[in-house]
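Participant: Following this message is one structure expressed as structure tokens.
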Amino acid sequence: MSEDHYFSAQPASADERRIIPVRLAGRDVEVETAGGIFSPGHLDLGTQVLLRTVPPAPAGEVLDLGCGWGPIALTAALGTADARVTAVDVNHRSLDLTRRNAARLGVADRVVTLTPDEVPADLRFGAIWSNPPIRIGKEALHALLMTWLPRLAPSGEAWLVVQKNLGADSLAKWIGAQGWGEIEKVASAKGFRVLRLTAPTLPDENGSI
């Protein structure tokens, strides 16, 4: 499988669109996909494990980090009417597909697609859901997570799915050492772990949590 979807703003592969059936948020739907993005032919196993594990998205700001054709963003928007989902990807084809799929499924008013540089610097998220691109390498992955995980709002939760044999446990240990909050391994299935990072609650005016 080509991995240029992890790195390329404009994939080299042909932009040949097709419609596939998938199940999202308990619904059988059809979505548009294309080559040159992550898992164009189906809902990948890791994302399936993540979406079976996460609770409904909270109302308010939700981040889908690395949106692909949009399964995570679409699930959050379909499941919570008051969620405002920011779907982020470096791949412009992915962003176009997520935008089109949000319109197809009637949630275009709740999903905005942006490149990382377009996300407002002061925007904070009550939830971050991601199947992060582990294969970009440890250094690049750490830099990615250092950019986005600190943007959790107080008491917000980040849910990440990572293959066990690609370093899920070591990644959990690294995240825990950053001081961003409490990290837990909350599920394991099909060779994947789901990690949950809970950001600290802001102290009140008396200094209590």
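Lettering and numbering for the structure tokens are positional, with chains as A, B, ... in the shown order, residues counted from 1 in each chain, and ligands counted from 1 in the shown order.
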Give the strand (DSSP E) residues of region 22-77 of chain A, as DSSP finds them on the backbone, and put them as a PyMOL selection string.
Facilitator: chain A and resi 22-24+27-33+60-65
Participant: With N, CA and C atoms retained, export the selected residues as a PDB file, in the first residue's frame.
Facilitator:
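What follows is the written file selection_33.pdb:
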```
ATOM      1  N   VAL A  22     -20.489   1.796   3.892  1.00  0.00           N
ATOM      2  CA  VAL A  22     -19.855   1.645   5.209  1.00  0.00           C
ATOM      3  C   VAL A  22     -20.936   1.799   6.276  1.00  0.00           C
ATOM      4  N   ARG A  23     -20.588   1.421   7.476  1.00  0.00           N
ATOM      5  CA  ARG A  23     -21.506   1.609   8.605  1.00  0.00           C
ATOM      6  C   ARG A  23     -20.864   2.590   9.573  1.00  0.00           C
ATOM      7  N   LEU A  24     -21.528   3.710   9.812  1.00  0.00           N
ATOM      8  CA  LEU A  24     -21.027   4.757  10.695  1.00  0.00           C
ATOM      9  C   LEU A  24     -22.129   5.171  11.654  1.00  0.00           C
ATOM     10  N   ARG A  27     -25.374   3.453  11.381  1.00  0.00           N
ATOM     11  CA  ARG A  27     -26.148   3.617  10.156  1.00  0.00           C
ATOM     12  C   ARG A  27     -25.385   3.040   8.976  1.00  0.00           C
ATOM     13  N   ASP A  28     -26.102   2.429   8.052  1.00  0.00           N
ATOM     14  CA  ASP A  28     -25.513   2.002   6.782  1.00  0.00           C
ATOM     15  C   ASP A  28     -25.596   3.175   5.815  1.00  0.00           C
ATOM     16  N   VAL A  29     -24.428   3.635   5.367  1.00  0.00           N
ATOM     17  CA  VAL A  29     -24.365   4.821   4.518  1.00  0.00           C
ATOM     18  C   VAL A  29     -23.426   4.543   3.352  1.00  0.00           C
ATOM     19  N   GLU A  30     -23.414   5.444   2.397  1.00  0.00           N
ATOM     20  CA  GLU A  30     -22.463   5.397   1.291  1.00  0.00           C
ATOM     21  C   GLU A  30     -21.602   6.651   1.336  1.00  0.00           C
ATOM     22  N   VAL A  31     -20.300   6.459   1.077  1.00  0.00           N
ATOM     23  CA  VAL A  31     -19.370   7.585   1.096  1.00  0.00           C
ATOM     24  C   VAL A  31     -18.513   7.564  -0.165  1.00  0.00           C
ATOM     25  N   GLU A  32     -17.932   8.700  -0.466  1.00  0.00           N
ATOM     26  CA  GLU A  32     -17.055   8.852  -1.624  1.00  0.00           C
ATOM     27  C   GLU A  32     -15.607   8.714  -1.179  1.00  0.00           C
ATOM     28  N   THR A  33     -14.838   7.931  -1.909  1.00  0.00           N
ATOM     29  CA  THR A  33     -13.415   7.779  -1.609  1.00  0.00           C
ATOM     30  C   THR A  33     -12.608   7.903  -2.904  1.00  0.00           C
ATOM     31  N   GLY A  60     -19.942  20.736  21.408  1.00  0.00           N
ATOM     32  CA  GLY A  60     -18.827  21.670  21.333  1.00  0.00           C
ATOM     33  C   GLY A  60     -17.758  21.189  20.378  1.00  0.00           C
ATOM     34  N   GLU A  61     -16.536  21.620  20.614  1.00  0.00           N
ATOM     35  CA  GLU A  61     -15.456  21.441  19.655  1.00  0.00           C
ATOM     36  C   GLU A  61     -14.828  20.044  19.744  1.00  0.00           C
ATOM     37  N   VAL A  62     -14.764  19.375  18.600  1.00  0.00           N
ATOM     38  CA  VAL A  62     -14.171  18.044  18.480  1.00  0.00           C
ATOM     39  C   VAL A  62     -13.160  18.087  17.342  1.00  0.00           C
ATOM     40  N   LEU A  63     -12.005  17.450  17.530  1.00  0.00           N
ATOM     41  CA  LEU A  63     -10.968  17.397  16.507  1.00  0.00           C
ATOM     42  C   LEU A  63     -10.821  15.974  15.993  1.00  0.00           C
ATOM     43  N   ASP A  64     -10.896  15.812  14.678  1.00  0.00           N
ATOM     44  CA  ASP A  64     -10.507  14.570  14.003  1.00  0.00           C
ATOM     45  C   ASP A  64      -9.138  14.834  13.401  1.00  0.00           C
ATOM     46  N   LEU A  65      -8.106  14.227  13.990  1.00  0.00           N
ATOM     47  CA  LEU A  65      -6.726  14.477  13.581  1.00  0.00           C
ATOM     48  C   LEU A  65      -6.307  13.422  12.566  1.00  0.00           C
TER      49      LEU A  65
END
```
Participant: Write out as a tab-separated table (two decimals) with N, CA and C atoms, in the first residue's frame all residues of region 1-180 of chain A that DSSP puts in alpha helix (DSSP H) for this structure's backbone.
Facilitator:
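Written output follows (states.tsv):
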```tsv
chain	number	residue	atom	x	y	z
A	45	LEU	N	-9.45	-1.32	10.03
A	45	LEU	CA	-9.70	-2.04	11.26
A	45	LEU	C	-9.43	-1.19	12.50
A	46	GLY	N	-8.34	-0.44	12.50
A	46	GLY	CA	-8.02	0.39	13.66
A	46	GLY	C	-9.10	1.41	13.95
A	47	THR	N	-9.59	2.07	12.90
A	47	THR	CA	-10.65	3.05	13.09
A	47	THR	C	-11.94	2.38	13.56
A	48	GLN	N	-12.21	1.17	13.07
A	48	GLN	CA	-13.36	0.43	13.57
A	48	GLN	C	-13.25	0.20	15.08
A	49	VAL	N	-12.07	-0.22	15.53
A	49	VAL	CA	-11.86	-0.46	16.96
A	49	VAL	C	-12.05	0.83	17.75
A	50	LEU	N	-11.50	1.92	17.25
A	50	LEU	CA	-11.65	3.21	17.93
A	50	LEU	C	-13.12	3.61	18.04
A	51	LEU	N	-13.85	3.52	16.93
A	51	LEU	CA	-15.23	4.00	16.92
A	51	LEU	C	-16.16	3.10	17.72
A	52	ARG	N	-15.78	1.84	17.92
A	52	ARG	CA	-16.57	0.98	18.80
A	52	ARG	C	-16.31	1.29	20.28
A	53	THR	N	-15.22	1.99	20.56
A	53	THR	CA	-14.79	2.22	21.95
A	53	THR	C	-15.18	3.59	22.47
A	71	PRO	N	-14.26	9.10	8.23
A	71	PRO	CA	-15.10	8.25	9.08
A	71	PRO	C	-15.22	8.73	10.52
A	72	ILE	N	-14.13	9.26	11.08
A	72	ILE	CA	-14.18	9.70	12.47
A	72	ILE	C	-15.00	10.98	12.59
A	73	ALA	N	-14.72	11.95	11.74
A	73	ALA	CA	-15.47	13.21	11.77
A	73	ALA	C	-16.95	12.98	11.53
A	74	LEU	N	-17.27	12.12	10.58
A	74	LEU	CA	-18.67	11.85	10.26
A	74	LEU	C	-19.38	11.16	11.42
A	75	THR	N	-18.70	10.22	12.06
A	75	THR	CA	-19.30	9.53	13.20
A	75	THR	C	-19.58	10.50	14.34
A	76	ALA	N	-18.63	11.39	14.62
A	76	ALA	CA	-18.83	12.37	15.69
A	76	ALA	C	-20.02	13.28	15.37
A	77	ALA	N	-20.10	13.74	14.13
A	77	ALA	CA	-21.17	14.65	13.75
A	77	ALA	C	-22.53	13.96	13.69
A	78	LEU	N	-22.56	12.73	13.19
A	78	LEU	CA	-23.82	11.99	13.13
A	78	LEU	C	-24.33	11.64	14.52
A	79	GLY	N	-23.41	11.39	15.45
A	79	GLY	CA	-23.80	10.93	16.77
A	79	GLY	C	-24.19	12.02	17.74
A	92	HIS	N	-4.96	17.35	0.72
A	92	HIS	CA	-6.10	18.13	0.23
A	92	HIS	C	-7.19	17.24	-0.36
A	93	ARG	N	-6.82	16.10	-0.91
A	93	ARG	CA	-7.82	15.17	-1.42
A	93	ARG	C	-8.66	14.62	-0.27
A	94	SER	N	-8.01	14.30	0.83
A	94	SER	CA	-8.74	13.84	2.01
A	94	SER	C	-9.73	14.90	2.49
A	95	LEU	N	-9.28	16.13	2.55
A	95	LEU	CA	-10.16	17.21	3.01
A	95	LEU	C	-11.35	17.37	2.08
A	96	ASP	N	-11.14	17.28	0.78
A	96	ASP	CA	-12.24	17.40	-0.16
A	96	ASP	C	-13.23	16.26	0.01
A	97	LEU	N	-12.73	15.04	0.19
A	97	LEU	CA	-13.62	13.90	0.38
A	97	LEU	C	-14.42	14.01	1.67
A	98	THR	N	-13.76	14.41	2.76
A	98	THR	CA	-14.48	14.57	4.02
A	98	THR	C	-15.56	15.64	3.88
A	99	ARG	N	-15.24	16.74	3.22
A	99	ARG	CA	-16.22	17.82	3.01
A	99	ARG	C	-17.41	17.30	2.20
A	100	ARG	N	-17.13	16.57	1.13
A	100	ARG	CA	-18.20	16.05	0.28
A	100	ARG	C	-19.03	14.99	1.01
A	101	ASN	N	-18.37	14.17	1.82
A	101	ASN	CA	-19.11	13.14	2.55
A	101	ASN	C	-19.97	13.75	3.65
A	102	ALA	N	-19.48	14.81	4.28
A	102	ALA	CA	-20.31	15.49	5.27
A	102	ALA	C	-21.57	16.05	4.62
A	103	ALA	N	-21.45	16.60	3.42
A	103	ALA	CA	-22.62	17.09	2.70
A	103	ALA	C	-23.53	15.93	2.31
A	104	ARG	N	-22.95	14.85	1.85
A	104	ARG	CA	-23.71	13.67	1.44
A	104	ARG	C	-24.57	13.13	2.59
A	138	LYS	N	8.75	7.81	14.73
A	138	LYS	CA	8.56	8.26	16.11
A	138	LYS	C	8.75	9.77	16.26
A	139	GLU	N	9.78	10.31	15.67
A	139	GLU	CA	10.05	11.74	15.84
A	139	GLU	C	8.92	12.59	15.28
A	140	ALA	N	8.48	12.26	14.06
A	140	ALA	CA	7.40	13.03	13.44
A	140	ALA	C	6.09	12.83	14.19
A	141	LEU	N	5.84	11.60	14.65
A	141	LEU	CA	4.62	11.34	15.41
A	141	LEU	C	4.61	12.13	16.71
A	142	HIS	N	5.72	12.13	17.43
A	142	HIS	CA	5.80	12.90	18.67
A	142	HIS	C	5.57	14.38	18.41
A	143	ALA	N	6.15	14.89	17.33
A	143	ALA	CA	5.95	16.31	17.00
A	143	ALA	C	4.48	16.59	16.71
A	144	LEU	N	3.83	15.68	16.00
A	144	LEU	CA	2.40	15.83	15.70
A	144	LEU	C	1.58	15.89	16.98
A	145	LEU	N	1.82	14.94	17.88
A	145	LEU	CA	1.04	14.88	19.12
A	145	LEU	C	1.36	16.05	20.04
A	146	MET	N	2.59	16.52	20.02
A	146	MET	CA	2.96	17.68	20.83
A	146	MET	C	2.27	18.95	20.33
A	147	THR	N	1.91	18.97	19.06
A	147	THR	CA	1.19	20.11	18.51
A	147	THR	C	-0.27	20.11	18.93
A	148	TRP	N	-0.90	18.92	18.98
A	148	TRP	CA	-2.35	18.86	19.11
A	148	TRP	C	-2.85	18.44	20.49
A	168	ALA	N	2.21	0.77	20.66
A	168	ALA	CA	1.14	1.40	21.43
A	168	ALA	C	1.52	1.61	22.89
A	169	ASP	N	2.16	0.60	23.49
A	169	ASP	CA	2.49	0.70	24.91
A	169	ASP	C	3.58	1.74	25.16
A	170	SER	N	4.59	1.77	24.29
A	170	SER	CA	5.65	2.75	24.47
A	170	SER	C	5.13	4.16	24.20
A	171	LEU	N	4.18	4.29	23.26
A	171	LEU	CA	3.60	5.60	23.00
A	171	LEU	C	2.79	6.08	24.21
A	172	ALA	N	2.05	5.17	24.83
A	172	ALA	CA	1.29	5.53	26.03
A	172	ALA	C	2.22	6.01	27.14
A	173	LYS	N	3.34	5.33	27.29
A	173	LYS	CA	4.31	5.74	28.31
A	173	LYS	C	4.87	7.12	28.00
A	174	TRP	N	5.18	7.37	26.74
A	174	TRP	CA	5.71	8.69	26.35
A	174	TRP	C	4.67	9.78	26.59
A	175	ILE	N	3.43	9.54	26.18
A	175	ILE	CA	2.38	10.54	26.41
A	175	ILE	C	2.23	10.84	27.90
A	176	GLY	N	2.27	9.79	28.71
A	176	GLY	CA	2.12	9.97	30.14
A	176	GLY	C	3.22	10.80	30.76
```
Participant: Work out how far CA of Val90 (chain A) is from CA of Lys185 (chain A), in Å to one decimal.
Facilitator: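 Distance between the two atoms: 27.8 Å.
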Participant: Which one is closest to Ala158 (chain A): A:Arg124, A:Arg196, A:Lys190, A:Arg135? Count only C-alpha atoms.
Facilitator: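 Looking at the shortest contact to Ala158 (chain A), the residue is A:Arg196.
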